[in-house]
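A short write-up of the structure that comes next.
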Amino acid sequence: MRCGERMKVRVLPTMCMSHRLCERIAPKVFKVDQFGFSWAIIEEDLPKELHTGAREAVYRCPAKALLVDDG
Ligand code: SF4
């Protein structure tokens, strides 16, 4: 397995401010519940086709509530 092929994402629930940007950018990775909190539909071993969206959501989250590990 080469570096960068395996990706994990995590939501820091106490940081989430319900902007819903993550869900709009990567709807197959992040979902926002009825209370406005984001959670990851897939946390580990994201399929490769979801990596770009997941990474973009992490970097664009205004609350910095998302983490990515693609090492
Ligand atoms: S974009 Fe960030 S702050 Fe907004 S719902 Fe997603 S995780 Fe929460």
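To be explicit about the labels: the chains of the structure tokens are called A, B, and onward in the order shown, and within each one the residues are counted from 1, while ligands get numbers from 1 in the order they are shown.
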
Residues within 12 Å of ligand 1 should be enumerated using only C-alpha atoms and all ligand atoms and returned as a PyMOL selection string.
chain A and resi 9-27+29-40+54-68

What's the 10 Å shell around range 4-8 of chain A, counting only C-alpha atoms, without same-chain residues fewer than 5 positions away, as a PyMOL selection string?
chain A and resi 40+42-48+50-51+54-55+67-71

Would you save the residues from that selection as a CSV table (one decimal), in the first residue's frame, using all heavy atoms?
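Below is the file selection_17.csv, written as the result:
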```csv
chain,number,residue,atom,x,y,z
A,40,ALA,N,-19.2,11.6,10.1
A,40,ALA,CA,-18.7,10.9,9.0
A,40,ALA,C,-19.4,9.6,8.7
A,40,ALA,O,-19.5,8.8,9.5
A,40,ALA,CB,-17.2,10.7,9.2
A,42,ILE,N,-18.4,7.6,6.3
A,42,ILE,CA,-17.3,6.6,6.2
A,42,ILE,C,-16.2,7.3,6.9
A,42,ILE,O,-15.8,8.4,6.6
A,42,ILE,CB,-16.9,6.4,4.7
A,42,ILE,CG1,-18.1,6.1,3.9
A,42,ILE,CG2,-15.9,5.3,4.6
A,42,ILE,CD1,-17.8,6.0,2.4
A,43,GLU,N,-15.6,6.6,7.9
A,43,GLU,CA,-14.5,7.2,8.6
A,43,GLU,C,-13.1,6.7,8.2
A,43,GLU,O,-12.1,7.4,8.3
A,43,GLU,CB,-14.6,6.9,10.1
A,43,GLU,CG,-15.6,7.8,10.8
A,43,GLU,CD,-15.5,7.7,12.3
A,43,GLU,OE1,-15.3,6.6,12.9
A,43,GLU,OE2,-15.7,8.8,13.0
A,44,GLU,N,-13.1,5.4,7.8
A,44,GLU,CA,-11.8,4.8,7.5
A,44,GLU,C,-11.8,4.2,6.1
A,44,GLU,O,-12.8,3.7,5.6
A,44,GLU,CB,-11.4,3.7,8.5
A,44,GLU,CG,-11.2,4.3,9.8
A,44,GLU,CD,-10.5,3.4,10.8
A,44,GLU,OE1,-10.0,2.3,10.3
A,44,GLU,OE2,-10.5,3.7,12.0
A,45,ASP,N,-10.6,4.1,5.5
A,45,ASP,CA,-10.5,3.5,4.2
A,45,ASP,C,-11.5,4.0,3.1
A,45,ASP,O,-12.2,3.3,2.5
A,45,ASP,CB,-10.6,2.0,4.3
A,45,ASP,CG,-9.4,1.4,5.0
A,45,ASP,OD1,-8.4,2.0,5.1
A,45,ASP,OD2,-9.6,0.3,5.6
A,46,LEU,N,-11.5,5.3,3.0
A,46,LEU,CA,-12.4,5.9,2.1
A,46,LEU,C,-12.1,5.5,0.6
A,46,LEU,O,-10.9,5.4,0.3
A,46,LEU,CB,-12.3,7.5,2.1
A,46,LEU,CG,-13.2,8.2,3.1
A,46,LEU,CD1,-12.9,7.9,4.5
A,46,LEU,CD2,-13.2,9.7,2.8
A,47,PRO,N,-13.1,5.2,-0.2
A,47,PRO,CA,-12.8,4.8,-1.6
A,47,PRO,C,-12.0,6.0,-2.2
A,47,PRO,O,-12.3,7.2,-1.9
A,47,PRO,CB,-14.1,4.6,-2.2
A,47,PRO,CG,-15.1,4.4,-1.1
A,47,PRO,CD,-14.5,5.1,0.1
A,48,LYS,N,-11.1,5.7,-3.1
A,48,LYS,CA,-10.3,6.7,-3.7
A,48,LYS,C,-11.0,7.8,-4.4
A,48,LYS,O,-10.6,9.0,-4.3
A,48,LYS,CB,-9.4,6.0,-4.8
A,48,LYS,CG,-8.1,6.7,-5.0
A,48,LYS,CD,-7.0,5.8,-5.5
A,48,LYS,CE,-5.7,6.5,-5.7
A,48,LYS,NZ,-5.1,7.1,-4.6
A,50,LEU,N,-13.5,9.3,-3.4
A,50,LEU,CA,-14.0,10.3,-2.5
A,50,LEU,C,-12.9,11.1,-1.8
A,50,LEU,O,-13.2,12.0,-1.0
A,50,LEU,CB,-14.8,9.5,-1.4
A,50,LEU,CG,-16.0,8.7,-1.8
A,50,LEU,CD1,-16.7,8.0,-0.6
A,50,LEU,CD2,-17.0,9.5,-2.6
A,51,HIS,N,-11.7,10.8,-2.1
A,51,HIS,CA,-10.6,11.5,-1.4
A,51,HIS,C,-10.6,13.0,-1.7
A,51,HIS,O,-10.4,13.8,-0.8
A,51,HIS,CB,-9.2,10.9,-1.9
A,51,HIS,CG,-9.0,9.6,-1.3
A,51,HIS,ND1,-7.7,9.0,-1.2
A,51,HIS,CD2,-9.8,8.6,-0.7
A,51,HIS,CE1,-7.8,7.8,-0.6
A,51,HIS,NE2,-9.0,7.6,-0.3
A,54,ALA,N,-13.4,14.8,0.1
A,54,ALA,CA,-13.2,14.7,1.6
A,54,ALA,C,-12.1,15.7,2.0
A,54,ALA,O,-12.3,16.5,3.0
A,54,ALA,CB,-12.8,13.3,2.0
A,55,ARG,N,-11.0,15.7,1.2
A,55,ARG,CA,-9.9,16.6,1.5
A,55,ARG,C,-10.4,18.1,1.4
A,55,ARG,O,-10.1,18.9,2.3
A,55,ARG,CB,-8.8,16.4,0.6
A,55,ARG,CG,-7.4,16.6,1.1
A,55,ARG,CD,-6.3,16.3,0.2
A,55,ARG,NE,-5.9,14.9,0.4
A,55,ARG,CZ,-5.9,13.9,-0.6
A,55,ARG,NH1,-6.3,14.2,-1.8
A,55,ARG,NH2,-5.5,12.7,-0.3
A,67,LEU,N,-10.9,16.5,10.5
A,67,LEU,CA,-9.5,16.1,10.4
A,67,LEU,C,-9.4,15.0,9.3
A,67,LEU,O,-10.3,14.2,9.1
A,67,LEU,CB,-9.0,15.4,11.7
A,67,LEU,CG,-9.0,16.3,13.0
A,67,LEU,CD1,-8.7,15.4,14.2
A,67,LEU,CD2,-8.1,17.5,12.9
A,68,VAL,N,-8.2,15.0,8.7
A,68,VAL,CA,-8.0,14.0,7.7
A,68,VAL,C,-6.6,13.4,7.9
A,68,VAL,O,-5.7,14.1,8.3
A,68,VAL,CB,-8.1,14.6,6.2
A,68,VAL,CG1,-7.0,15.6,5.9
A,68,VAL,CG2,-8.0,13.5,5.2
A,69,ASP,N,-6.5,12.1,7.7
A,69,ASP,CA,-5.2,11.4,7.8
A,69,ASP,C,-5.1,10.6,6.5
A,69,ASP,O,-5.9,9.6,6.3
A,69,ASP,CB,-5.2,10.5,9.0
A,69,ASP,CG,-3.9,9.7,9.1
A,69,ASP,OD1,-3.1,9.8,8.2
A,69,ASP,OD2,-3.8,9.0,10.1
A,70,ASP,N,-4.3,11.0,5.6
A,70,ASP,CA,-4.1,10.3,4.4
A,70,ASP,C,-2.7,9.7,4.2
A,70,ASP,O,-2.2,9.5,3.2
A,70,ASP,CB,-4.5,11.1,3.2
A,70,ASP,CG,-3.7,12.3,3.0
A,70,ASP,OD1,-2.8,12.6,3.8
A,70,ASP,OD2,-3.9,13.0,2.0
A,71,GLY,N,-2.1,9.5,5.4
A,71,GLY,CA,-0.7,8.9,5.4
A,71,GLY,C,-0.7,7.5,5.2
A,71,GLY,O,0.3,6.9,4.9
```

Report the residues of chain A whose backbone DSSP state falls under helix (DSSP H, G or I), written as JSON, numbers by chain.
{"A": [21, 22, 23, 24, 25, 48, 49, 50, 51, 52, 53, 54, 55, 56, 57, 58, 59, 60]}

Which of chain A counts as strand (DSSP E or B) under DSSP, as a PyMOL selection string please?
chain A and resi 8-11+30-32+38-40+66-69

Let's have the selection written as a short mmCIF file (atom, residue, chain, number, x, y, z; two decimals), in the first residue's frame, with C-alpha atoms.
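Saved result, selection-v2.cif, follows:
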```
data_model
loop_
_atom_site.label_atom_id
_atom_site.label_comp_id
_atom_site.auth_asym_id
_atom_site.auth_seq_id
_atom_site.Cartn_x
_atom_site.Cartn_y
_atom_site.Cartn_z
CA LYS A 8 -9.38 8.41 7.40
CA VAL A 9 -11.54 11.38 8.36
CA ARG A 10 -12.83 12.49 11.72
CA VAL A 11 -15.31 15.09 12.91
CA PHE A 30 -20.21 13.73 5.67
CA LYS A 31 -23.79 14.11 6.85
CA VAL A 32 -25.25 16.77 9.11
CA SER A 38 -21.75 16.71 11.24
CA TRP A 39 -20.70 13.07 11.32
CA ALA A 40 -18.67 10.94 8.96
CA LEU A 66 -12.69 18.07 10.43
CA LEU A 67 -9.48 16.06 10.43
CA VAL A 68 -7.98 14.00 7.66
CA ASP A 69 -5.23 11.41 7.80
#
```
